[in-house]
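Note: the block below is target-v6.json and it holds JSON, C-alpha atoms.
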```
[["chain", "number", "residue", "atom", "x", "y", "z"],
["A", 611, "MET", "CA", 108.32, 44.27, 152.35],
["A", 612, "ARG", "CA", 109.05, 43.19, 148.81],
["A", 613, "SER", "CA", 105.36, 42.68, 148.00],
["A", 614, "THR", "CA", 104.61, 46.18, 149.36],
["A", 615, "ARG", "CA", 107.14, 47.71, 146.93],
["A", 616, "ILE", "CA", 105.69, 45.80, 144.01],
["A", 617, "ALA", "CA", 102.16, 46.88, 144.96],
["A", 618, "ILE", "CA", 103.22, 50.55, 145.26],
["A", 619, "SER", "CA", 105.13, 50.38, 141.97],
["A", 620, "ALA", "CA", 102.14, 48.80, 140.22],
["A", 621, "ALA", "CA", 99.83, 51.47, 141.67],
["A", 622, "LEU", "CA", 102.11, 54.27, 140.46],
["A", 623, "LEU", "CA", 102.38, 52.79, 136.99],
["A", 624, "GLY", "CA", 98.62, 52.35, 136.87],
["A", 625, "ALA", "CA", 98.08, 55.98, 137.93],
["A", 626, "LEU", "CA", 100.47, 57.21, 135.25],
["A", 627, "ALA", "CA", 98.88, 55.07, 132.56],
["A", 628, "VAL", "CA", 95.30, 56.17, 133.23],
["A", 629, "PRO", "CA", 95.69, 59.76, 131.97],
["A", 630, "MET", "CA", 97.43, 58.50, 128.83],
["A", 631, "VAL", "CA", 94.70, 55.99, 128.08],
["A", 632, "SER", "CA", 91.87, 58.41, 128.79],
["A", 633, "ALA", "CA", 93.37, 61.35, 126.90],
["A", 634, "SER", "CA", 91.73, 62.07, 123.58],
["A", 635, "ALA", "CA", 93.77, 61.86, 120.40],
["A", 636, "ALA", "CA", 95.49, 65.09, 119.43],
["A", 637, "THR", "CA", 94.47, 66.68, 116.18],
["A", 638, "ALA", "CA", 96.29, 69.28, 114.14],
["A", 639, "ALA", "CA", 94.79, 72.75, 114.20],
["A", 640, "PRO", "CA", 93.49, 73.88, 110.82],
["A", 641, "VAL", "CA", 95.42, 76.62, 109.05],
["A", 642, "SER", "CA", 93.50, 79.86, 109.20],
["A", 643, "ALA", "CA", 92.79, 81.73, 106.00],
["A", 644, "ALA", "CA", 94.67, 84.77, 107.33],
["A", 645, "THR", "CA", 97.99, 82.92, 107.63],
["A", 646, "ALA", "CA", 97.76, 80.75, 104.53],
["A", 647, "VAL", "CA", 99.53, 81.97, 101.40],
["A", 648, "PRO", "CA", 97.08, 82.15, 98.50],
["A", 649, "ALA", "CA", 98.02, 79.85, 95.63],
["A", 650, "SER", "CA", 97.85, 82.76, 93.18],
["A", 651, "SER", "CA", 100.73, 84.55, 94.97],
["A", 652, "CYS", "CA", 103.03, 81.59, 94.26],
["A", 653, "THR", "CA", 102.28, 81.24, 90.56],
["A", 654, "GLY", "CA", 103.26, 84.75, 89.53],
["A", 655, "ASN", "CA", 105.99, 86.63, 91.36],
["A", 656, "PRO", "CA", 106.90, 84.83, 94.60],
["A", 657, "TYR", "CA", 108.93, 87.80, 95.91],
["A", 658, "LEU", "CA", 107.69, 90.23, 98.52],
["A", 659, "PRO", "CA", 108.18, 93.99, 97.98],
["A", 660, "TRP", "CA", 111.61, 95.56, 98.39],
["A", 661, "ALA", "CA", 112.33, 96.70, 101.96],
["A", 662, "VAL", "CA", 115.08, 97.80, 104.31],
["A", 663, "HIS", "CA", 116.03, 94.89, 106.61],
["A", 664, "GLY", "CA", 118.23, 94.57, 109.69],
["A", 665, "THR", "CA", 118.72, 98.29, 110.29],
["A", 666, "THR", "CA", 116.75, 101.52, 110.61],
["A", 667, "ALA", "CA", 118.54, 103.36, 107.79],
["A", 668, "VAL", "CA", 120.87, 102.79, 104.83],
["A", 669, "THR", "CA", 123.19, 105.28, 103.12],
["A", 670, "ILE", "CA", 122.33, 106.12, 99.51],
["A", 671, "ARG", "CA", 125.58, 106.52, 97.54],
["A", 672, "SER", "CA", 126.65, 107.93, 94.17],
["A", 673, "LYS", "CA", 128.27, 104.64, 93.07],
["A", 674, "ALA", "CA", 127.96, 100.99, 94.08],
["A", 675, "THR", "CA", 130.83, 101.16, 96.56],
["A", 676, "THR", "CA", 131.21, 102.18, 100.20],
["A", 677, "ALA", "CA", 134.02, 104.58, 99.22],
["A", 678, "SER", "CA", 131.68, 106.70, 97.04],
["A", 679, "THR", "CA", 129.96, 109.93, 98.04],
["A", 680, "ALA", "CA", 126.95, 109.67, 100.34],
["A", 681, "LEU", "CA", 123.92, 111.33, 98.74],
["A", 682, "GLY", "CA", 121.30, 110.71, 101.39],
["A", 683, "ILE", "CA", 119.79, 108.24, 103.82],
["A", 684, "LEU", "CA", 117.03, 105.74, 103.11],
["A", 685, "TYR", "CA", 115.05, 105.15, 106.29],
["A", 686, "LYS", "CA", 113.14, 101.93, 106.89],
["A", 687, "SER", "CA", 109.83, 103.83, 106.90],
["A", 688, "HIS", "CA", 110.44, 105.44, 103.48],
["A", 689, "LYS", "CA", 108.88, 104.17, 100.27],
["A", 690, "PHE", "CA", 111.28, 103.70, 97.37],
["A", 691, "THR", "CA", 111.49, 102.46, 93.79],
["A", 692, "VAL", "CA", 114.16, 100.00, 92.68],
["A", 693, "HIS", "CA", 115.49, 100.58, 89.15],
["A", 694, "THR", "CA", 118.18, 97.91, 88.89],
["A", 695, "THR", "CA", 120.68, 95.85, 90.89],
["A", 696, "THR", "CA", 124.26, 94.78, 90.42],
["A", 697, "LYS", "CA", 124.98, 91.14, 89.60],
["A", 698, "GLY", "CA", 124.14, 89.12, 92.70],
["A", 699, "ALA", "CA", 122.14, 92.11, 94.03],
["A", 700, "THR", "CA", 125.03, 93.28, 96.21],
["A", 701, "TRP", "CA", 123.99, 96.86, 95.38],
["A", 702, "VAL", "CA", 120.55, 98.27, 94.58],
["A", 703, "TYR", "CA", 119.96, 101.38, 92.43],
["A", 704, "LEU", "CA", 116.88, 103.12, 93.81],
["A", 705, "THR", "CA", 114.95, 106.35, 94.27],
["A", 706, "ASP", "CA", 113.73, 107.33, 97.73],
["A", 707, "LYS", "CA", 110.18, 108.60, 97.15],
["A", 708, "THR", "CA", 110.24, 110.66, 100.35],
["A", 709, "THR", "CA", 113.45, 112.62, 99.71],
["A", 710, "LYS", "CA", 113.64, 112.17, 95.89],
["A", 711, "VAL", "CA", 117.28, 111.05, 96.21],
["A", 712, "THR", "CA", 118.44, 108.52, 93.59],
["A", 713, "GLY", "CA", 121.52, 106.37, 94.10],
["A", 714, "TRP", "CA", 122.96, 103.05, 95.23],
["A", 715, "ALA", "CA", 122.23, 101.28, 98.53],
["A", 716, "SER", "CA", 123.80, 98.13, 99.91],
["A", 717, "GLY", "CA", 122.00, 94.91, 98.99],
["A", 718, "THR", "CA", 122.96, 93.61, 102.42],
["A", 719, "TYR", "CA", 120.18, 95.78, 103.87],
["A", 720, "VAL", "CA", 117.87, 96.43, 100.91],
["A", 721, "TYR", "CA", 116.33, 93.29, 99.43],
["A", 722, "ARG", "CA", 113.11, 91.37, 98.83],
["A", 723, "ASP", "CA", 112.09, 88.39, 100.93],
["A", 724, "VAL", "CA", 110.89, 85.28, 99.15],
["A", 725, "ARG", "CA", 107.51, 83.66, 99.88],
["A", 726, "MET", "CA", 107.59, 80.04, 100.95],
["A", 727, "CYS", "CA", 105.35, 78.27, 98.43],
["A", 728, "PRO", "CA", 104.60, 74.56, 98.29],
["A", 729, "SER", "CA", 106.00, 72.83, 95.24]]
```

Could I get this file's structure written as structure tokens?
Amino acid sequence: MRSTRIAISAALLGALAVPMVSASAATAAPVSAATAVPASSCTGNPYLPWAVHGTTAVTIRSKATTASTALGILYKSHKFTVHTTTKGATWVYLTDKTTKVTGWASGTYVYRDVRMCPS
């Protein structure tokens, strides 16, 4: 009985080992040119364009405070120009190119992403 268990155990181990031994070595897939970040984009300005993030719309205000008058709404689909930001970019002074409204929007929702560039 004992020799039967050892024979079965050895057969199972052998069956499990065969696929591992016969499997070809894994190789890393090459990075496609479409997903790679060109080196030139990292040497100049590594920031992506300004955009609305995390919401569909942001209120444009007369001053850099939530208590100030609302002048309009900047929708995610709108193009806009950024003129300046407060220290720490908590507020962004911009002009909505679609509605022509100029004012302050929260830097929590309006910011630029940063490219990940190798050092």

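For the pair CA of Thr665 in chain A and CA of His693 in chain A, the interatomic distance is 21.5 Å.
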
Note to self: Here is a test: counting all atoms listed in the file, which residue of A:Thr691, A:Thr679, A:Thr718, A:Ser672 is nearest to Thr705 in chain A?
What the structure shows: A:Thr691

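Using all atoms listed in the file, the nearest neighbour of Ser716 in chain A within the list A:Tyr685, A:Val662, A:Thr700, A:Pro728 is A:Thr700.
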
Next item on the list: Can you pull out every residue within 7 Å of Val702 in chain A, counting all atoms listed in the file, but drop anything in the same chain fewer than 5 positions away, and send it as a ChimeraX atom specification?
Entry: /A:692,694-696,714-717

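Distance check against His688 in chain A using only C-alpha atoms: of A:His663, A:Arg725, A:Lys707, A:Lys673, the minimum falls on A:Lys707.
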
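For the pair CA of Asp723 in chain A and CA of Ala680 in chain A, the interatomic distance is 26.0 Å.
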
Next item on the list: Go ahead and compute the interatomic distance for CA of Met726 in chain A and CA of Leu684 in chain A, in Å to one decimal.
Entry: 27.5 Å

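Omitting Lys686 in chain A and its sequence neighbours fewer than 3 positions away, and counting only C-alpha atoms, the residues within 10 Å are Ala661, Val662, His663, Gly664, Thr665, Thr666, Ala667, Val668, Ile683, Lys689, Phe690, Tyr719 and Val720 of chain A.
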
Reconstructed range 675-693 of chain A, atom set N, CA, C and O atoms, as a PDB file, in the frame of the given file:
```pdb
ATOM      1  N   THR A 675     129.658 101.432  95.728  1.00  0.00           N
ATOM      2  CA  THR A 675     130.830 101.160  96.560  1.00  0.00           C
ATOM      3  C   THR A 675     130.734 101.977  97.843  1.00  0.00           C
ATOM      4  O   THR A 675     130.213 103.108  97.823  1.00  0.00           O
ATOM      5  N   THR A 676     131.256 101.454  98.925  1.00  0.00           N
ATOM      6  CA  THR A 676     131.210 102.180 100.200  1.00  0.00           C
ATOM      7  C   THR A 676     132.145 103.389 100.210  1.00  0.00           C
ATOM      8  O   THR A 676     131.994 104.276 101.045  1.00  0.00           O
ATOM      9  N   ALA A 677     133.088 103.457  99.278  1.00  0.00           N
ATOM     10  CA  ALA A 677     134.020 104.580  99.220  1.00  0.00           C
ATOM     11  C   ALA A 677     133.433 105.778  98.464  1.00  0.00           C
ATOM     12  O   ALA A 677     134.024 106.859  98.461  1.00  0.00           O
ATOM     13  N   SER A 678     132.267 105.608  97.824  1.00  0.00           N
ATOM     14  CA  SER A 678     131.680 106.700  97.040  1.00  0.00           C
ATOM     15  C   SER A 678     130.953 107.710  97.931  1.00  0.00           C
ATOM     16  O   SER A 678     130.702 107.469  99.112  1.00  0.00           O
ATOM     17  N   THR A 679     130.609 108.822  97.335  1.00  0.00           N
ATOM     18  CA  THR A 679     129.960 109.930  98.040  1.00  0.00           C
ATOM     19  C   THR A 679     128.572 109.534  98.542  1.00  0.00           C
ATOM     20  O   THR A 679     127.780 108.954  97.804  1.00  0.00           O
ATOM     21  N   ALA A 680     128.279 109.888  99.787  1.00  0.00           N
ATOM     22  CA  ALA A 680     126.950 109.670 100.340  1.00  0.00           C
ATOM     23  C   ALA A 680     126.022 110.774  99.855  1.00  0.00           C
ATOM     24  O   ALA A 680     126.332 111.959  99.974  1.00  0.00           O
ATOM     25  N   LEU A 681     124.883 110.373  99.263  1.00  0.00           N
ATOM     26  CA  LEU A 681     123.920 111.330  98.740  1.00  0.00           C
ATOM     27  C   LEU A 681     122.746 111.577  99.669  1.00  0.00           C
ATOM     28  O   LEU A 681     122.107 112.621  99.626  1.00  0.00           O
ATOM     29  N   GLY A 682     122.442 110.592 100.487  1.00  0.00           N
ATOM     30  CA  GLY A 682     121.300 110.710 101.390  1.00  0.00           C
ATOM     31  C   GLY A 682     121.158 109.452 102.229  1.00  0.00           C
ATOM     32  O   GLY A 682     122.012 108.558 102.190  1.00  0.00           O
ATOM     33  N   ILE A 683     120.056 109.388 102.960  1.00  0.00           N
ATOM     34  CA  ILE A 683     119.790 108.240 103.820  1.00  0.00           C
ATOM     35  C   ILE A 683     118.390 107.717 103.519  1.00  0.00           C
ATOM     36  O   ILE A 683     117.427 108.479 103.455  1.00  0.00           O
ATOM     37  N   LEU A 684     118.311 106.405 103.311  1.00  0.00           N
ATOM     38  CA  LEU A 684     117.030 105.740 103.110  1.00  0.00           C
ATOM     39  C   LEU A 684     116.616 105.125 104.441  1.00  0.00           C
ATOM     40  O   LEU A 684     117.269 104.214 104.942  1.00  0.00           O
ATOM     41  N   TYR A 685     115.555 105.679 105.028  1.00  0.00           N
ATOM     42  CA  TYR A 685     115.050 105.150 106.290  1.00  0.00           C
ATOM     43  C   TYR A 685     114.089 103.998 106.037  1.00  0.00           C
ATOM     44  O   TYR A 685     113.444 103.928 104.989  1.00  0.00           O
ATOM     45  N   LYS A 686     113.989 103.112 106.999  1.00  0.00           N
ATOM     46  CA  LYS A 686     113.140 101.930 106.890  1.00  0.00           C
ATOM     47  C   LYS A 686     111.687 102.292 106.579  1.00  0.00           C
ATOM     48  O   LYS A 686     110.993 101.577 105.877  1.00  0.00           O
ATOM     49  N   SER A 687     111.220 103.410 107.087  1.00  0.00           N
ATOM     50  CA  SER A 687     109.830 103.830 106.900  1.00  0.00           C
ATOM     51  C   SER A 687     109.558 104.454 105.530  1.00  0.00           C
ATOM     52  O   SER A 687     108.403 104.617 105.154  1.00  0.00           O
ATOM     53  N   HIS A 688     110.613 104.789 104.777  1.00  0.00           N
ATOM     54  CA  HIS A 688     110.440 105.440 103.480  1.00  0.00           C
ATOM     55  C   HIS A 688     110.022 104.443 102.397  1.00  0.00           C
ATOM     56  O   HIS A 688     110.431 103.294 102.387  1.00  0.00           O
ATOM     57  N   LYS A 689     109.221 104.935 101.471  1.00  0.00           N
ATOM     58  CA  LYS A 689     108.880 104.170 100.270  1.00  0.00           C
ATOM     59  C   LYS A 689     109.959 104.475  99.241  1.00  0.00           C
ATOM     60  O   LYS A 689     110.510 105.581  99.202  1.00  0.00           O
ATOM     61  N   PHE A 690     110.267 103.487  98.389  1.00  0.00           N
ATOM     62  CA  PHE A 690     111.280 103.700  97.370  1.00  0.00           C
ATOM     63  C   PHE A 690     111.014 102.821  96.163  1.00  0.00           C
ATOM     64  O   PHE A 690     110.294 101.833  96.243  1.00  0.00           O
ATOM     65  N   THR A 691     111.608 103.215  95.034  1.00  0.00           N
ATOM     66  CA  THR A 691     111.490 102.460  93.790  1.00  0.00           C
ATOM     67  C   THR A 691     112.853 101.903  93.438  1.00  0.00           C
ATOM     68  O   THR A 691     113.842 102.639  93.446  1.00  0.00           O
ATOM     69  N   VAL A 692     112.912 100.622  93.103  1.00  0.00           N
ATOM     70  CA  VAL A 692     114.160 100.000  92.680  1.00  0.00           C
ATOM     71  C   VAL A 692     114.205  99.996  91.159  1.00  0.00           C
ATOM     72  O   VAL A 692     113.258  99.566  90.501  1.00  0.00           O
ATOM     73  N   HIS A 693     115.323 100.512  90.601  1.00  0.00           N
ATOM     74  CA  HIS A 693     115.490 100.580  89.150  1.00  0.00           C
ATOM     75  C   HIS A 693     116.276  99.395  88.613  1.00  0.00           C
ATOM     76  O   HIS A 693     115.942  98.837  87.577  1.00  0.00           O
TER      77      HIS A 693
END
```
